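Engineer: Sharing a structure below in C-alpha cells format, with a few things to ask.
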Amino acid sequence: MAVSRTPLIAGNWKMNLDHLQAVALVQKLHWTLKDADHETGSVEVALFPPFTDIRSVQTLIDADKIPFAFGAQDLSAHDSGAYTGEVSGAFLSKLQCRYVIIGHSERREYHAEGDDLVAAKVQAALRHGLVPVICVGETLEQLEEFGASAVPVSQLKAALADVPADADIVVAYEPVWAIGTGKVATSAQAQEVCAALRAVIAESLGDEAAARTRVLYGGSVKSSSIAGLMREPDIDGALVGGASLLADEFAAIIRYQKHVGV
C-alpha cells in the first residue's frame with residue numbers, strides 16, 4: 001500500500017533577522033496564510049531561524065498556537081563540554097525544536113564540514129530526539145565531472161551509515177550550483193536525483209523507511225517553480241532560502257496546491 005507523505009515546506013533564514021524581526025515575520029506569515037484560508041494540515045511548515053531567535057519564535061508559536069514547526073540551522077556533534085560557540089542538541093531539544101539542518105552546503109564549503117562530521121551530527125540529532133534534515137548536493141564542477149547524482153548519493157550513504165531503520169529523518173537535495181544563483185534544476189533533473197536518494201534510503205534503512213521519508217528540493221525555490229517540482233513523485237517539499245524571508249512569497253510557496261493547479 002502506498003504511503004502518504006505530508007509535504008514539508010521549510011524556510012532556512014540563514015544569518016538573517018534578529019529576534020524582533022523574526023517575531024514580526026512569523027506573525028505576518030501566519031496572518032497571510034490565515035487570510036488565504038490555508039488548510040494547515042495539507043502542508044507542514046517548518047522555520048529555521050538563527051540560534052538567537054529560536055526562543056522568541058518558540059514562545060510566539062506556543063502562545064498563539066501557530067501551526068508551524070521550527071528547528072535550528074546546525075548543531076554540535078558534541079552533547080556538552082569545552083566547545084566554545086557550539087550549540088548542543090540537548091539545548092535545542094529543550095527549546096522544543098523538532099528539526100535541525102545538517103550538512104548544508106554552506107557548512108560544507110565555508111566550515112569544511114566533511115562526511116564524517118555530518119554523520120556525527122546526524123547521530124547527535126537523533127540522540128536528542130531531533131529530526132535531522134540531511135542536506136546533500138553537488139557543485140557545478142562535480143556535476144560536470146561525476147554526473148547528477150553521484151556526489152549526493154555518496155554523501156547520503158555516509159550520513160546514514162549508523163542510522164537505525166526506524167529513525168525519523170528528512171533528506172534535502174540542494175544542487176550547490178542552483179543556490180542563490182536564480183538557476184533551478186528542472187523538475188525532471190530534480191526528480192532523477194531525488195529518486196536516486198530514495199533508493200539510497202531503501203538500501204541503507206529499508207523499503208519502509210524509503211516510503212515514509214520525505215525528500216526535499218532546495219535551490220532558489222520560488223512560487224513560480226514550486227508547483228512543477230511538487231508534481232514529481234519523489235519530491236515531497238522544499239528547503240527554501242531567500243524566498244522564506246518574504247512573507248507573501250513564502251506563503252505562496254506553501255500554498256502551491258491552491259495558487260497553481262497541481
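So you can find residues: chains in the C-alpha cells are A, B, ... in the order shown, residues in each start at 1, and ligands are numbered from 1 in order.
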Using only C-alpha atoms, find each residue in region 40-151 of chain A having at least one atom no more than 9 Å away from region 178-197 of chain A; report its shortest atom-to-atom pair and that distance in Å (one decimal), rows by chain then rising number, as a Markdown table.
Structural biologist:
| residue | atom | partner | partner_atom | distance |
| --- | --- | --- | --- | --- |
| A:Thr139 | CA | A:Ala178 | CA | 8.8 |
| A:Leu140 | CA | A:Ala178 | CA | 8.8 |
| A:Ala148 | CA | A:Val193 | CA | 6.7 |
| A:Ser149 | CA | A:Val193 | CA | 5.2 |
| A:Ala150 | CA | A:Val193 | CA | 8.9 |
Engineer: Would you mind exporting C-alpha atoms of the selected residues as a PDB file, in the first residue's frame?
Structural biologist:
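To be explicit, this is the file written out as result-v4.pdb:
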ATOM      1  CA  THR A 139      28.844  21.795  -7.163  1.00  0.00           C
ATOM      2  CA  LEU A 140      28.836  22.638 -10.856  1.00  0.00           C
ATOM      3  CA  ALA A 148      23.943  14.484 -11.479  1.00  0.00           C
ATOM      4  CA  SER A 149      23.530  12.059  -8.586  1.00  0.00           C
ATOM      5  CA  ALA A 150      26.976  10.617  -7.794  1.00  0.00           C
TER       6      ALA A 150
END
Engineer: Output as a list of chain:residue names all residues of region 121-240 of chain A that backbone DSSP marks as strand (DSSP E).
Structural biologist: A:Val131, A:Pro132, A:Val133, A:Ile134, A:Cys135, A:Val136, A:Val170, A:Val171, A:Ala172, A:Tyr173, A:Arg214, A:Val215, A:Leu216, A:Tyr217, A:Gly237, A:Ala238, A:Leu239, A:Val240
Engineer: CA of Tyr99 (chain A) and CA of Gln58 (chain A), how far apart in Å?
Structural biologist: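 According to the coordinates, CA of Gln58 (chain A) and CA of Tyr99 (chain A) are separated by 12.8 Å.
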Engineer: Which one of A:Ser220, A:Gln155, A:Ser4, A:Thr52 sits closest to Asp234 (chain A) if you count only C-alpha atoms?
Structural biologist: A:Ser4
Engineer: Measuring between only C-alpha atoms, which one of A:Arg231, A:Lys157, A:Lys14, A:Arg107 shows the shortest distance to Ile201 (chain A)?
Structural biologist: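 Ranking A:Arg231, A:Lys157, A:Lys14, A:Arg107 by distance to Ile201 (chain A), first place goes to A:Lys157.
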Engineer: Report the distance between CA of Ala167 (chain A) and CA of Gly129 (chain A) in Å, rounded to one decimal place.
Structural biologist: 9.6 Å
Engineer: Can you pull out the residues contacting Val200 (chain A)? Cut-off 12 Å, using only C-alpha atoms, and skip same-chain residues under 2 positions away; I want them as number ranges by chain.
Structural biologist: A: 149-150, 152-161, 171, 193-198, 202-207, 209-211, 213, 215
Engineer: Could you please determine the separation between CA of Asn12 (chain A) and CA of Arg55 (chain A) in Å, to one decimal place?
Structural biologist: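 Separation between CA of Asn12 (chain A) and CA of Arg55 (chain A): 16.3 Å.
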